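As provided, my_file38.cif (mmCIF, C-alpha atoms and all ligand atoms) reads as follows.
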```
data_data
#
loop_
_atom_site.label_atom_id
_atom_site.label_comp_id
_atom_site.auth_asym_id
_atom_site.auth_seq_id
_atom_site.Cartn_x
_atom_site.Cartn_y
_atom_site.Cartn_z
CA MET M 80 -29.24 22.09 30.80
CA TYR M 81 -28.27 18.70 32.20
CA ASP M 82 -24.70 17.58 32.82
CA PHE M 83 -23.32 15.06 30.32
CA GLN M 84 -19.72 16.23 30.60
CA SER M 85 -18.52 15.66 34.17
CA ILE M 86 -16.33 12.64 34.73
CA ILE M 87 -17.97 10.50 37.42
CA ASP M 88 -15.76 8.20 39.45
CA ARG M 89 -17.51 4.82 39.48
CA ALA M 90 -14.64 2.86 41.04
CA ASP M 91 -15.56 0.60 43.96
CA THR M 92 -19.29 0.88 43.33
CA GLY M 93 -19.44 -2.71 42.05
CA ALA M 94 -19.92 -1.38 38.50
CA ILE M 95 -19.19 -4.33 36.20
CA LYS M 96 -17.92 -1.97 33.49
CA HIS M 97 -15.38 -0.32 35.80
CA ASP M 98 -14.53 -2.60 38.70
CA MET M 99 -14.30 -5.65 36.43
CA ALA M 100 -12.69 -3.84 33.47
CA PRO M 101 -9.77 -5.57 31.73
CA GLU M 102 -6.56 -4.96 33.66
CA PRO M 103 -4.53 -2.71 31.30
CA VAL M 104 -7.45 -0.27 30.97
CA LYS M 105 -8.39 -0.41 34.64
CA SER M 106 -4.91 0.27 35.95
CA ALA M 107 -4.39 3.09 33.43
CA GLY M 108 -7.59 4.70 34.76
CA PHE M 109 -9.26 5.05 31.35
CA THR M 110 -13.04 4.93 30.94
CA PRO M 111 -14.14 1.55 29.52
CA LEU M 112 -16.39 1.79 26.45
CA THR M 113 -17.98 -1.61 26.90
CA ILE M 114 -21.21 -2.75 28.58
CA ALA M 115 -24.34 -0.72 27.78
CA ASP M 116 -24.73 1.58 30.75
CA MET M 117 -23.82 5.26 30.74
CA GLU M 118 -21.18 7.44 32.33
CA TYR M 119 -23.92 9.95 33.19
CA LYS M 120 -26.06 10.45 36.26
CA THR M 121 -29.67 9.45 35.96
CA PRO M 122 -32.02 12.49 35.59
CA PRO M 123 -32.35 14.59 38.79
CA ALA M 124 -36.10 13.83 39.03
CA ILE M 125 -35.30 10.11 39.28
CA GLN M 126 -32.50 10.60 41.77
CA ASN M 127 -34.82 12.70 43.94
CA ALA M 128 -37.60 10.12 43.72
CA VAL M 129 -35.20 7.38 44.82
CA ILE M 130 -33.93 9.54 47.70
CA ARG M 131 -37.52 10.17 48.82
CA ALA M 132 -38.23 6.45 48.62
CA ALA M 133 -35.07 5.78 50.67
CA GLU M 134 -36.20 8.25 53.33
CA HIS M 135 -39.38 6.26 53.84
CA GLY M 136 -37.25 3.62 55.49
CA VAL M 137 -39.37 0.51 54.85
CA TYR M 138 -38.29 -1.29 51.70
CA GLY M 139 -40.76 -4.17 51.66
CA TYR M 140 -41.96 -6.48 48.87
CA THR M 141 -43.35 -4.35 46.10
CA ARG M 142 -45.64 -5.04 43.16
CA ALA M 143 -46.54 -2.85 40.18
CA ASP M 144 -49.58 -0.83 41.31
CA ASP M 145 -51.90 1.44 39.33
CA ALA M 146 -49.59 4.46 39.69
CA TYR M 147 -46.75 2.39 38.22
CA PHE M 148 -48.82 0.98 35.37
CA SER M 149 -50.32 4.33 34.49
CA ALA M 150 -46.83 5.90 34.24
CA VAL M 151 -45.60 3.07 32.01
CA ARG M 152 -48.65 3.12 29.78
CA GLY M 153 -48.68 6.93 29.60
CA TRP M 154 -45.12 6.91 28.27
CA LEU M 155 -45.70 4.13 25.74
CA GLU M 156 -48.95 5.65 24.53
CA GLY M 157 -47.54 9.18 24.31
CA ARG M 158 -44.34 8.19 22.52
CA PHE M 159 -45.36 5.16 20.45
CA SER M 160 -49.18 5.15 20.33
CA TYR M 161 -49.00 1.82 22.14
CA ALA M 162 -51.63 1.39 24.85
CA PRO M 163 -51.24 -2.05 26.43
CA GLU M 164 -53.92 -3.45 28.72
CA ARG M 165 -53.24 -3.62 32.46
CA ASP M 166 -53.45 -7.40 32.60
CA SER M 167 -51.02 -7.88 29.73
CA MET M 168 -48.09 -6.54 31.81
CA PHE M 169 -45.52 -8.67 33.60
CA ASN M 170 -42.50 -7.40 35.50
CA THR M 171 -39.24 -9.28 35.46
CA ALA M 172 -35.80 -8.57 36.87
CA GLY M 173 -34.63 -7.42 33.44
CA VAL M 174 -35.27 -8.18 29.79
CA VAL M 175 -32.71 -10.99 29.70
CA THR M 176 -34.60 -12.71 32.51
CA ALA M 177 -37.80 -12.36 30.48
CA LEU M 178 -36.15 -13.86 27.38
CA GLY M 179 -35.21 -17.01 29.27
CA MET M 180 -38.70 -17.23 30.77
CA ALA M 181 -40.29 -16.82 27.32
CA VAL M 182 -38.13 -19.61 25.93
CA ARG M 183 -39.26 -21.92 28.76
CA ALA M 184 -42.90 -20.81 28.51
CA PHE M 185 -43.39 -21.00 24.74
CA THR M 186 -41.14 -23.82 23.57
CA GLU M 187 -40.07 -27.37 24.39
CA PRO M 188 -36.50 -28.69 24.52
CA GLY M 189 -35.14 -29.03 21.00
CA ASP M 190 -37.55 -26.49 19.42
CA GLY M 191 -36.02 -24.03 16.96
CA ILE M 192 -35.68 -20.33 17.84
CA VAL M 193 -34.54 -17.74 15.28
CA ILE M 194 -32.15 -14.89 15.99
CA GLN M 195 -30.69 -12.38 13.53
CA PRO M 196 -26.96 -11.96 14.20
CA PRO M 197 -24.80 -10.07 14.74
CA VAL M 198 -26.91 -9.47 17.83
CA TYR M 199 -26.85 -9.02 21.61
CA PRO M 200 -25.15 -12.24 22.86
CA PRO M 201 -27.71 -13.23 25.56
CA PHE M 202 -30.19 -14.00 22.73
CA ARG M 203 -28.22 -17.07 21.76
CA PHE M 204 -27.47 -17.94 25.40
CA ALA M 205 -31.21 -17.89 26.21
CA VAL M 206 -31.75 -20.43 23.43
CA ARG M 207 -28.81 -22.72 24.10
CA ASN M 208 -28.86 -22.60 27.91
CA ASN M 209 -32.44 -23.84 27.81
CA GLY M 210 -31.64 -26.72 25.46
CA ARG M 211 -33.44 -25.26 22.43
CA THR M 212 -32.09 -25.23 18.87
CA LEU M 213 -30.47 -22.01 17.67
CA LEU M 214 -31.49 -21.02 14.13
CA GLU M 215 -29.66 -18.07 12.59
CA ASN M 216 -30.99 -15.72 9.97
CA PRO M 217 -28.03 -13.32 9.74
CA LEU M 218 -28.61 -9.69 8.83
CA LEU M 219 -27.50 -8.62 5.35
CA TYR M 220 -24.83 -5.92 5.17
CA LYS M 221 -24.94 -3.92 1.96
CA ASP M 222 -23.28 -0.58 1.21
CA GLY M 223 -22.78 0.27 4.87
CA ARG M 224 -26.38 -0.58 5.80
CA TYR M 225 -27.90 -3.58 7.54
CA GLU M 226 -31.15 -5.18 6.39
CA MET M 227 -33.15 -8.17 7.51
CA ASP M 228 -32.96 -11.17 5.19
CA PHE M 229 -36.66 -11.82 4.56
CA GLU M 230 -36.08 -14.49 1.94
CA GLY M 231 -33.62 -16.22 4.25
CA LEU M 232 -36.20 -16.12 7.04
CA GLU M 233 -38.92 -17.62 4.88
CA ALA M 234 -36.59 -20.41 3.76
CA LEU M 235 -35.60 -21.09 7.37
CA CYS M 236 -39.25 -21.22 8.46
CA LYS M 237 -40.04 -23.72 5.69
CA LYS M 238 -37.05 -25.89 6.46
CA SER M 239 -36.89 -25.82 10.25
CA ALA M 240 -40.37 -24.81 11.52
CA PRO M 241 -39.15 -22.53 14.34
CA LYS M 242 -41.45 -21.75 17.26
CA LEU M 243 -40.04 -18.31 18.19
CA LEU M 244 -38.10 -15.43 16.70
CA VAL M 245 -36.24 -13.01 18.95
CA LEU M 246 -36.27 -9.54 17.38
CA CYS M 247 -33.89 -6.81 18.50
CA SER M 248 -35.61 -3.50 17.81
CA PRO M 249 -33.80 -1.09 17.67
CA HIS M 250 -30.96 -3.44 16.88
CA ASN M 251 -27.94 -3.81 19.15
CA PRO M 252 -25.18 -3.66 17.90
CA VAL M 253 -25.83 -2.47 14.32
CA GLY M 254 -27.99 0.53 15.30
CA ARG M 255 -30.87 -0.05 12.88
CA VAL M 256 -34.31 1.32 13.79
CA TRP M 257 -36.55 -0.98 11.80
CA THR M 258 -39.23 0.75 9.74
CA ALA M 259 -42.94 -0.06 10.08
CA GLU M 260 -42.73 -1.61 6.60
CA GLU M 261 -39.86 -3.90 7.55
CA LEU M 262 -41.63 -4.97 10.73
CA LYS M 263 -44.82 -5.65 8.80
CA ARG M 264 -42.95 -7.86 6.36
CA LEU M 265 -41.23 -9.72 9.19
CA GLY M 266 -44.55 -10.09 11.01
CA GLY M 267 -46.25 -11.40 7.87
CA ILE M 268 -43.71 -14.21 7.55
CA CYS M 269 -43.94 -15.05 11.26
CA VAL M 270 -47.74 -15.24 11.22
CA LYS M 271 -47.69 -17.35 8.04
CA TYR M 272 -45.41 -19.94 9.64
CA GLY M 273 -46.78 -19.75 13.21
CA VAL M 274 -43.67 -18.17 14.71
CA PHE M 275 -44.30 -16.14 17.89
CA VAL M 276 -42.13 -13.00 18.12
CA ILE M 277 -40.24 -11.86 21.22
CA ALA M 278 -39.62 -8.17 20.51
CA ASP M 279 -36.79 -6.85 22.66
CA GLU M 280 -37.41 -3.10 22.49
CA ILE M 281 -35.19 -2.05 25.37
CA HIS M 282 -33.51 0.62 23.18
CA CYS M 283 -36.85 2.02 21.89
CA ASP M 284 -36.38 5.52 23.32
CA ILE M 285 -32.91 6.05 21.89
CA VAL M 286 -33.66 7.00 18.31
CA HIS M 287 -31.73 9.71 16.49
CA HIS M 288 -32.50 12.65 14.22
CA GLY M 289 -36.23 12.63 14.97
CA GLY M 290 -36.57 9.04 13.66
CA LYS M 291 -39.50 6.86 14.66
CA HIS M 292 -39.51 3.60 16.57
CA THR M 293 -42.46 1.32 15.90
CA VAL M 294 -43.55 -0.94 18.75
CA PHE M 295 -43.97 -4.38 17.19
CA ALA M 296 -47.38 -4.89 18.80
CA THR M 297 -48.69 -1.80 16.95
CA VAL M 298 -47.95 -3.35 13.55
CA PRO M 299 -51.34 -4.43 12.17
CA GLN M 300 -52.29 -7.94 13.33
CA MET M 301 -49.14 -8.42 15.41
CA ASP M 302 -50.48 -7.64 18.89
CA GLU M 303 -51.62 -11.24 19.42
CA HIS M 304 -48.43 -12.68 17.92
CA CYS M 305 -45.77 -11.08 20.06
CA MET M 306 -44.37 -10.31 23.47
CA VAL M 307 -42.94 -6.78 23.81
CA CYS M 308 -40.05 -6.16 26.22
CA THR M 309 -39.38 -2.63 27.50
CA ALA M 310 -37.58 -1.06 30.46
CA VAL M 311 -36.38 2.24 31.87
CA SER M 312 -32.88 0.82 32.23
CA LYS M 313 -31.17 1.85 28.97
CA THR M 314 -33.01 5.14 28.51
CA PHE M 315 -32.36 6.54 31.98
CA ASN M 316 -29.29 4.60 33.10
CA LEU M 317 -31.10 2.45 35.67
CA ALA M 318 -29.85 -1.04 34.82
CA GLY M 319 -28.79 -1.62 38.43
CA LEU M 320 -32.44 -1.42 39.52
CA SER M 321 -33.23 -4.69 37.67
CA CYS M 322 -36.76 -4.13 36.44
CA SER M 323 -38.50 -4.46 33.10
CA ASN M 324 -42.01 -4.22 31.70
CA ILE M 325 -43.13 -7.08 29.50
CA PHE M 326 -46.41 -7.12 27.53
CA ILE M 327 -48.28 -10.13 26.20
CA ALA M 328 -51.74 -9.48 24.73
CA ASN M 329 -52.56 -13.06 23.76
CA LYS M 330 -54.36 -14.82 26.60
CA ALA M 331 -52.98 -18.33 26.03
CA ARG M 332 -49.43 -16.99 25.75
CA ARG M 333 -49.99 -14.89 28.85
CA ASP M 334 -51.13 -17.92 30.82
CA ALA M 335 -48.07 -19.88 29.68
CA PHE M 336 -45.74 -17.04 30.70
CA ASP M 337 -47.62 -16.61 33.97
CA ALA M 338 -47.09 -20.29 34.80
CA VAL M 339 -43.33 -19.83 34.42
CA ALA M 340 -43.43 -16.55 36.40
CA THR M 341 -45.31 -18.28 39.21
CA ARG M 342 -42.99 -21.28 39.19
CA GLU M 343 -39.97 -18.98 39.30
CA SER M 344 -41.52 -16.52 41.80
CA SER M 345 -41.06 -13.60 39.44
CA ASP M 346 -43.97 -11.30 40.22
CA ILE M 347 -42.50 -8.50 42.30
CA ILE M 348 -40.54 -5.36 41.41
CA PRO M 349 -37.61 -3.87 43.32
CA TYR M 350 -38.89 -1.25 45.77
CA PHE M 351 -36.64 1.49 44.33
CA ALA M 352 -37.53 0.61 40.74
CA ARG M 353 -41.13 1.62 41.40
CA ALA M 354 -40.18 5.16 42.42
CA ALA M 355 -37.60 5.45 39.65
CA THR M 356 -39.91 4.21 36.89
CA ILE M 357 -42.77 6.53 37.85
CA ALA M 358 -40.41 9.52 37.89
CA ALA M 359 -38.72 8.47 34.64
CA TYR M 360 -41.95 8.10 32.70
CA THR M 361 -43.68 11.19 34.08
CA ALA M 362 -40.93 13.79 34.53
CA CYS M 363 -37.91 13.04 32.35
CA GLY M 364 -38.89 13.68 28.73
CA GLU M 365 -36.81 16.86 28.58
CA TRP M 366 -33.77 15.09 29.97
CA LEU M 367 -34.16 12.45 27.26
CA ASP M 368 -34.28 15.11 24.52
CA GLU M 369 -31.02 16.61 25.77
CA PHE M 370 -29.45 13.21 26.19
CA LEU M 371 -30.26 12.36 22.57
CA MET M 372 -28.70 15.60 21.33
CA ASN M 373 -25.60 14.84 23.35
CA ILE M 374 -25.35 11.29 21.94
CA GLU M 375 -25.85 12.53 18.39
CA GLY M 376 -22.97 14.94 19.10
CA ASN M 377 -20.77 12.02 20.19
CA PHE M 378 -21.67 10.05 17.06
CA ASN M 379 -20.77 13.10 14.95
CA GLN M 380 -17.48 13.48 16.80
CA LEU M 381 -16.59 9.83 16.19
CA ASP M 382 -17.65 10.00 12.55
CA ALA M 383 -15.65 13.17 11.82
CA PHE M 384 -12.59 11.80 13.59
CA LEU M 385 -12.61 8.53 11.66
CA LYS M 386 -13.24 10.20 8.30
CA GLU M 387 -10.46 12.71 8.82
CA ARG M 388 -7.81 10.74 10.70
CA LEU M 389 -8.56 7.04 10.38
CA PRO M 390 -10.49 6.52 7.15
CA VAL M 391 -9.50 2.86 7.21
CA LEU M 392 -12.15 2.38 9.94
CA LYS M 393 -15.82 2.78 8.98
CA LEU M 394 -18.57 3.86 11.34
CA ILE M 395 -21.89 2.23 10.46
CA PRO M 396 -24.46 5.07 10.50
CA ALA M 397 -26.63 4.52 13.58
CA GLN M 398 -30.34 5.33 13.63
CA GLY M 399 -30.67 4.33 17.27
CA THR M 400 -28.91 3.23 20.50
CA TYR M 401 -25.84 4.87 22.03
CA LEU M 402 -23.64 2.08 20.71
CA ALA M 403 -21.39 2.69 17.72
CA TRP M 404 -20.61 -0.24 15.41
CA VAL M 405 -17.32 0.21 13.62
CA ASP M 406 -16.05 -1.88 10.72
CA MET M 407 -12.33 -2.54 11.24
CA ARG M 408 -12.05 -5.43 8.82
CA SER M 409 -9.79 -3.59 6.43
CA LEU M 410 -7.03 -3.76 9.05
CA GLY M 411 -6.89 -7.43 8.08
CA LEU M 412 -6.42 -8.64 11.66
CA SER M 413 -7.72 -11.81 13.26
CA ASP M 414 -10.27 -11.31 16.05
CA LYS M 415 -7.57 -12.07 18.61
CA ALA M 416 -5.06 -9.63 17.07
CA LEU M 417 -7.70 -6.89 16.86
CA GLU M 418 -8.65 -7.42 20.49
CA GLU M 419 -4.99 -7.23 21.53
CA LEU M 420 -4.48 -4.07 19.52
CA MET M 421 -7.44 -2.37 21.21
CA LEU M 422 -6.67 -3.56 24.70
CA GLU M 423 -2.92 -3.54 24.90
CA LYS M 424 -1.85 -0.88 22.40
CA ALA M 425 -4.82 1.53 22.52
CA LEU M 426 -5.74 0.79 26.16
CA LEU M 427 -9.32 0.65 24.99
CA ALA M 428 -11.91 -1.68 26.52
CA LEU M 429 -14.49 -2.24 23.75
CA ASP M 430 -16.99 -5.00 23.00
CA GLU M 431 -15.37 -7.19 20.39
CA GLY M 432 -17.53 -7.74 17.33
CA TYR M 433 -17.14 -11.52 17.40
CA ILE M 434 -19.05 -11.79 20.70
CA PHE M 435 -22.19 -10.76 18.76
CA GLY M 436 -21.95 -13.98 16.72
CA THR M 437 -22.14 -14.55 12.98
CA GLY M 438 -21.10 -11.46 11.01
CA GLY M 439 -19.54 -9.70 14.01
CA GLY M 440 -15.88 -10.57 13.43
CA GLY M 441 -13.65 -7.61 12.54
CA PHE M 442 -16.05 -5.06 14.05
CA GLU M 443 -15.90 -3.28 17.40
CA ARG M 444 -18.83 -1.94 19.44
CA ILE M 445 -18.07 1.37 21.13
CA ASN M 446 -20.30 2.74 23.91
CA LEU M 447 -20.69 6.47 23.26
CA ALA M 448 -22.58 7.40 26.44
CA LEU M 449 -19.63 9.17 28.01
CA PRO M 450 -18.25 12.71 28.40
CA GLN M 451 -16.58 14.27 25.38
CA THR M 452 -13.16 14.51 27.02
CA ALA M 453 -13.18 10.76 27.71
CA LEU M 454 -14.24 10.11 24.12
CA GLU M 455 -11.47 12.36 22.78
CA SER M 456 -8.89 10.56 24.86
CA ALA M 457 -10.16 7.18 23.56
CA LEU M 458 -10.04 8.35 19.94
CA LEU M 459 -6.48 9.64 20.24
CA ARG M 460 -5.37 6.32 21.71
CA LEU M 461 -7.20 4.50 18.92
CA GLU M 462 -5.46 6.63 16.29
CA ARG M 463 -2.00 6.05 17.75
CA ALA M 464 -2.49 2.30 17.97
CA VAL M 465 -3.94 1.90 14.47
CA ARG M 466 -1.30 4.14 12.86
CA GLY M 467 1.29 2.05 14.66
CA ILE M 468 0.33 -1.03 12.66
CA LEU M 469 -0.27 0.81 9.38
CA SER M 470 3.14 2.51 9.22
C1 LIG J 501 -30.92 -5.64 23.25
C2 LIG J 501 -30.73 -5.74 24.73
N1 LIG J 501 -31.58 -6.45 25.46
C3 LIG J 501 -31.44 -6.57 26.80
C4 LIG J 501 -30.40 -5.94 27.46
C5 LIG J 501 -30.25 -6.10 28.94
O1 LIG J 501 -31.47 -6.01 29.54
P1 LIG J 501 -31.67 -6.24 31.11
O2 LIG J 501 -30.56 -5.54 31.81
O3 LIG J 501 -33.02 -5.64 31.35
O4 LIG J 501 -31.65 -7.71 31.31
C6 LIG J 501 -29.48 -5.18 26.72
C7 LIG J 501 -28.34 -4.55 27.40
O5 LIG J 501 -27.41 -4.11 26.79
C8 LIG J 501 -29.66 -5.07 25.33
O6 LIG J 501 -28.83 -4.34 24.58
#
```
Take the structure in the file and write it out as structure tokens.
Ligand SMILES: Cc1ncc(COP(=O)(O)O)c(C=O)c1O
Amino acid sequence: MYDFQSIIDRADTGAIKHDMAPEPVKSAGFTPLTIADMEYKTPPAIQNAVIRAAEHGVYGYTRADDAYFSAVRGWLEGRFSYAPERDSMFNTAGVVTALGMAVRAFTEPGDGIVIQPPVYPPFRFAVRNNGRTLLENPLLYKDGRYEMDFEGLEALCKKSAPKLLVLCSPHNPVGRVWTAEELKRLGGICVKYGVFVIADEIHCDIVHHGGKHTVFATVPQMDEHCMVCTAVSKTFNLAGLSCSNIFIANKARRDAFDAVATRESSDIIPYFARAATIAAYTACGEWLDEFLMNIEGNFNQLDAFLKERLPVLKLIPAQGTYLAWVDMRSLGLSDKALEELMLEKALLALDEGYIFGTGGGGFERINLALPQTALESALLRLERAVRGILS
């Protein structure tokens, strides 16, 4: 039994979520439910591995060695039947870093890049900050479920000839775990129109109710047409170690990415990330199983609470991630008024739906990786604030 219920004081650790939380929530001492890290300790096996690495005392430049690669590959092969080659792996200081590098490696200024909003905001920043053209193929929202708009994508490809598509799989914030069929259909369109796919699979391990995540590179014929981005950071709460594992099977694409990596001196890993990653991928499967049960419990708690006490708010059923996506549009508030209600009346720090771009307005993203007592407190504050404007 691992501990997912103790409240951990993260104040003055430099934690962005806590130390830089919006003022009303910070001074009231409530747990923020924003940025995607967890209010749980990393598994004991990882903590011990990092302590052992600290005791060594020399923290020099470090590169992914065979022990590191074999742990990464063992995990991906065991969980997803994905067995990447050694020379297809790159390590970057995070997936967002890799996205920017991919944009610079695979496109020229002005080229079109497709994203499917509402989606993790750095996708559009990676496009715009590098002077490329943002092309949106928004997700379709039907009967409480999100789908990809395949016809929309095909039309966009015909009209605008994009060079890349950035796929979020599983999808943050809507919680979809795309099926193998959906990915095949997406891949078919991308191959037909020569669109290379950047598959951000950072949430791949966090899939609920025994569901199955499909690594995009394992979809028939897609291995040569994609770059797969993975990391231990979301799964084991290690974002502060800044390390991700990126796979590119296609040789020409690999050379292009390598040129950017060399230019930007991005070919080392943080010393502590090596120890943490090896421990995570060789000794923490059981922790992950318990973590998933705990998160499913938190989703159930939120769902039951909303159905019983705040039926005006609708939880979108999540197949993956620890991020809940809640439809608050029937409150009829502007984005600004909704934000004020959450922050000032409910003393809740959430990620506002509008930051996820097209289709996000009127929704809130709620991080559920926190102890039950903190979640209960948040829900009671939410109820009071929402009832206050309904009465
Ligand atoms: C879809 C997605 N990609 C990337 C990241 C961040 O990745 P990194 O910290 O490795 O840059 C997040 C964090 O929330 C995310 O949700």
Give me the residues of stretch 192-264 of chain M that have any atom at most 9 Å from an atom of stretch 378-396 of chain M; for each, the nearest atom pair and the distance in Å, rounded to one decimal. Use all atoms listed in the file, sort by chain and number, and format it as a tab-separated table.
```
residue	atom	partner	partner_atom	distance
M:Gly223	CA	M:Ile395	CA	6.0
M:Arg224	CA	M:Ile395	CA	7.1
M:Tyr225	CA	M:Ile395	CA	8.9
M:Val253	CA	M:Ile395	CA	7.2
M:Gly254	CA	M:Pro396	CA	7.5
M:Arg255	CA	M:Pro396	CA	8.5
```
Nearest-residue call for ligand LIG 501 (chain J), choices M:Gly319, M:Gly139, M:Gly266, M:Gly467, using all atoms listed in the file
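The answer is M:Gly319, which sits nearest to ligand LIG 501 (chain J).
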Tell me which protein, DNA and RNA residues are within 10 Å of stretch 329-343 of chain M, counting only C-alpha atoms, leaving out same-chain ones fewer than 6 positions away, and put them as a ChimeraX atom specification.
/M:166-171,177,180-185,275,302-306
From atom CA of M:Leu244 to atom CA of M:Ile277 the spacing works out at 6.1 Å
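Of note, atom CA of M:Pro163 and atom CA of M:Val311 are spaced 16.4 Å apart.
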With a distance cut-off of 8 Å and only C-alpha atoms, select the neighbouring residues of M:Ala162, excluding the residue or stretch itself and same-chain residues fewer than 6 positions from it, and output the selection as a PyMOL selection string.
chain M and resi 152-153+155-156
As number ranges by chain, please: every protein or nucleic acid residue near ligand LIG 501 (chain J) (cut-off 8 Å, counting only C-alpha atoms and all ligand atoms).
M: 114-116, 172-177, 198-199, 201, 247-252, 279-282, 310, 312-313, 318-319, 321-323
Using Å and a single decimal, report how far atom CA of M:Asp82 sits from atom CA of M:Pro123.
10.2 Å
Which residues come within 12 Å of M:Pro101, counting only C-alpha atoms, excluding same-chain residues fewer than 5 positions away, as a PyMOL selection string?
chain M and resi 95-96+106-113+418-419+421-423+426-430
In terms of the shortest atom-to-atom distance over all atoms listed in the file, which of M:Pro197, M:Gly439, M:Gly210, M:Gly273 is closest to M:Glu233?
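Going through M:Pro197, M:Gly439, M:Gly210, M:Gly273 one by one, the smallest distance to M:Glu233 is for M:Gly273.
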